[in-house]
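Source file: work_6.tsv. Holds: TSV, C-alpha atoms.
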```tsv
chain	number	residue	atom	x	y	z
W	9	MET	CA	0.00	0.00	0.00
W	10	ALA	CA	1.40	3.30	-1.10
W	11	VAL	CA	0.11	6.81	-0.58
W	12	VAL	CA	-0.63	8.65	-3.82
W	13	PRO	CA	-1.09	12.43	-3.68
W	14	LEU	CA	-3.62	13.64	-6.27
W	15	LEU	CA	-4.60	17.06	-7.53
W	16	ALA	CA	-8.37	17.00	-7.60
W	17	VAL	CA	-11.39	19.13	-8.27
W	18	PHE	CA	-15.07	18.45	-7.74
W	19	ARG	CA	-17.04	19.65	-10.78
W	20	GLY	CA	-18.77	22.91	-9.93
W	21	ASP	CA	-16.29	23.84	-7.22
W	22	PHE	CA	-13.60	26.49	-7.64
W	23	VAL	CA	-10.92	24.93	-5.41
W	24	THR	CA	-8.24	22.52	-6.56
W	25	LEU	CA	-7.39	20.11	-3.77
W	26	LEU	CA	-4.36	18.06	-2.85
W	27	VAL	CA	-5.82	14.78	-1.59
W	28	LEU	CA	-3.93	11.74	-0.32
W	29	VAL	CA	-5.31	8.40	-1.46
W	30	ASP	CA	-4.01	4.86	-1.28
W	31	ASP	CA	-3.05	2.94	-4.40
W	32	LYS	CA	-5.51	0.21	-3.31
W	33	ASP	CA	-8.44	2.65	-2.97
W	34	THR	CA	-11.28	2.15	-5.44
W	35	MET	CA	-12.62	5.07	-7.44
W	36	LYS	CA	-15.65	5.11	-5.14
W	37	VAL	CA	-13.34	5.66	-2.16
W	38	VAL	CA	-11.33	8.28	-4.08
W	39	ALA	CA	-14.56	10.13	-4.94
W	40	ASP	CA	-15.66	9.98	-1.28
W	41	LYS	CA	-12.31	11.33	-0.07
W	42	ILE	CA	-12.47	14.26	-2.48
W	43	ALA	CA	-16.16	14.93	-1.83
W	44	TYR	CA	-15.47	15.10	1.92
W	45	HIS	CA	-13.72	18.44	1.37
W	46	VAL	CA	-16.43	19.91	-0.88
W	47	ILE	CA	-19.94	18.52	-0.31
W	48	ASN	CA	-21.96	20.34	2.38
W	49	ARG	CA	-19.21	22.98	2.44
W	50	ARG	CA	-19.31	24.65	-0.97
W	51	LEU	CA	-21.63	22.35	-2.94
W	52	PRO	CA	-24.86	20.62	-1.92
W	53	PRO	CA	-25.21	16.84	-1.97
W	54	GLN	CA	-27.09	15.21	-4.86
W	55	ASP	CA	-28.96	11.97	-5.12
W	56	ALA	CA	-26.65	10.55	-7.79
W	57	PRO	CA	-23.49	8.44	-7.77
W	58	MET	CA	-20.12	10.15	-7.97
W	59	ARG	CA	-17.64	9.30	-10.70
W	60	VAL	CA	-13.90	9.94	-11.10
W	61	GLN	CA	-12.57	11.20	-14.42
W	62	TYR	CA	-8.91	10.76	-15.30
W	63	ASN	CA	-7.32	11.58	-18.66
W	64	HIS	CA	-10.75	12.43	-20.15
W	65	ARG	CA	-12.33	9.10	-19.27
W	66	ALA	CA	-14.69	8.09	-16.49
W	67	LEU	CA	-13.25	5.26	-14.43
W	68	PRO	CA	-15.28	2.29	-13.15
W	69	PRO	CA	-16.22	2.66	-9.45
W	70	ASP	CA	-14.54	-0.64	-8.52
W	71	GLN	CA	-11.22	0.09	-10.26
W	72	THR	CA	-8.29	0.89	-7.95
W	73	VAL	CA	-5.85	3.76	-8.27
W	74	ALA	CA	-3.08	1.31	-9.20
W	75	GLN	CA	-5.24	-0.46	-11.80
W	76	ALA	CA	-6.11	2.88	-13.41
W	77	GLY	CA	-2.42	3.77	-13.63
W	78	ILE	CA	-2.88	7.05	-11.78
W	79	LEU	CA	0.52	8.49	-10.92
W	80	PRO	CA	1.37	10.81	-8.00
W	81	LEU	CA	0.24	14.41	-8.55
W	82	SER	CA	-2.05	13.43	-11.43
W	83	PHE	CA	-5.18	15.52	-11.92
W	84	VAL	CA	-8.60	13.92	-11.40
W	85	GLU	CA	-12.09	15.35	-11.48
W	86	VAL	CA	-15.03	14.05	-9.48
W	87	TYR	CA	-18.59	14.70	-10.57
W	88	TYR	CA	-22.14	13.55	-9.99
W	89	ASP	CA	-23.32	11.21	-12.74
W	90	ALA	CA	-26.75	12.65	-13.51
W	91	ARG	CA	-27.49	9.79	-15.92
W	92	GLU	CA	-27.84	7.52	-12.90
W	93	ARG	CA	-29.67	9.98	-10.68
W	94	ARG	CA	-32.53	8.31	-8.88
W	95	HIS	CA	-34.76	11.37	-8.65
W	96	ALA	CA	-33.58	13.81	-11.29
W	97	GLY	CA	-34.63	17.40	-10.80
W	98	MET	CA	-36.69	19.13	-13.42
W	99	ASP	CA	-35.50	21.91	-15.65
W	100	ARG	CA	-37.21	23.95	-18.32
W	101	ARG	CA	-36.89	21.22	-20.92
W	102	SER	CA	-38.42	18.50	-18.74
W	103	TYR	CA	-41.16	20.46	-16.95
W	104	PRO	CA	-44.53	19.45	-18.45
W	105	GLY	CA	-46.63	22.25	-16.94
W	106	ARG	CA	-46.57	26.01	-17.02
W	107	PRO	CA	-43.28	27.82	-17.78
W	108	LEU	CA	-40.93	28.02	-14.84
W	109	GLU	CA	-40.36	31.46	-13.38
W	110	ARG	CA	-36.90	32.98	-13.57
```

Do you think you could lay out the structure here as structure tokens?
Amino acid sequence: MAVVPLLAVFRGDFVTLLVLVDDKDTMKVVADKIAYHVINRRLPPQDAPMRVQYNHRALPPDQTVAQAGILPLSFVEVYYDARERRHAGMDRRSYPGRPLER
């Protein structure tokens, strides 16, 4: 087990973080470690799973840092995967009734 420092951002946040993860951590654990510093502090929680993006590709939640080939000080982005949201919020395009007020 080796500690891997990562530069990370949570989509929608303005702060880049330096987060220590373990090379045996799964992407779900990595997302949780990064979200700990952002969610309920600068961004609200959402009812959707979090994903980790590295080198422009979303990584499977069960893949480890070592399996993904993530090197120390690599940049990763965590985001909510709205495609898998259980109770997606409505916007103007999905609201069936009267126009939404601005």

Interatomic distance (Å, one decimal) between atom CA of Ala10 of chain W and atom CA of Val84 of chain W: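 Going from atom CA of Ala10 of chain W over to atom CA of Val84 of chain W, I get 17.9 Å.
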
Counting only C-alpha atoms, the residue of W:Thr34, W:Gln75, W:Gln54, W:Thr24 that sits nearest Asp89 of chain W: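 Nearest to Asp89 of chain W: W:Gln54.
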
Length of the atom CA of Pro13 of chain W to atom CA of Ile47 of chain W vector [Å]: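 Computing it gives 20.1 Å between the two atoms.
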
Answer as a ChimeraX atom specification, residues within 10 Å of (-21.5, 8.9, -4.4) using only C-alpha atoms: /W:36-37,39-40,43,53-59,69,86-89

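Atom CA of Ala90 of chain W lies 25.4 Å from atom CA of Leu26 of chain W.
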
Proximity to Asp70 of chain W - best of W:Met35, W:Lys41, W:Leu51, W:Val46, all atoms listed in the file: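 Nearest candidate to Asp70 of chain W out of W:Met35, W:Lys41, W:Leu51, W:Val46: W:Met35.
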
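For the set W:Glu85, W:Pro80, W:Arg49, W:Phe18, the residue with the smallest atom-to-atom gap to Leu67 of chain W is W:Glu85, counting all atoms listed in the file.
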
Could you give me, as a compact mmCIF listing (two decimals) with C-alpha atoms, in the frame of the given file, the residues within 12 Å of Ala74 of chain W, counting all atoms listed in the file and dropping anything in the same chain fewer than 2 positions from it?
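What ended up in selection-v2.txt:
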```txt
# COMPACT_ATOMS: atom_id res chain seq x y z
CA MET W 9 0.00 0.00 0.00
CA ALA W 10 1.40 3.30 -1.10
CA VAL W 11 0.11 6.81 -0.58
CA VAL W 12 -0.63 8.65 -3.82
CA VAL W 29 -5.31 8.40 -1.46
CA ASP W 30 -4.01 4.86 -1.28
CA ASP W 31 -3.05 2.94 -4.40
CA LYS W 32 -5.51 0.21 -3.31
CA ASP W 33 -8.44 2.65 -2.97
CA THR W 34 -11.28 2.15 -5.44
CA MET W 35 -12.62 5.07 -7.44
CA VAL W 38 -11.33 8.28 -4.08
CA ASP W 70 -14.54 -0.64 -8.52
CA GLN W 71 -11.22 0.09 -10.26
CA THR W 72 -8.29 0.89 -7.95
CA ALA W 76 -6.11 2.88 -13.41
CA GLY W 77 -2.42 3.77 -13.63
CA ILE W 78 -2.88 7.05 -11.78
CA LEU W 79 0.52 8.49 -10.92
CA PRO W 80 1.37 10.81 -8.00
```
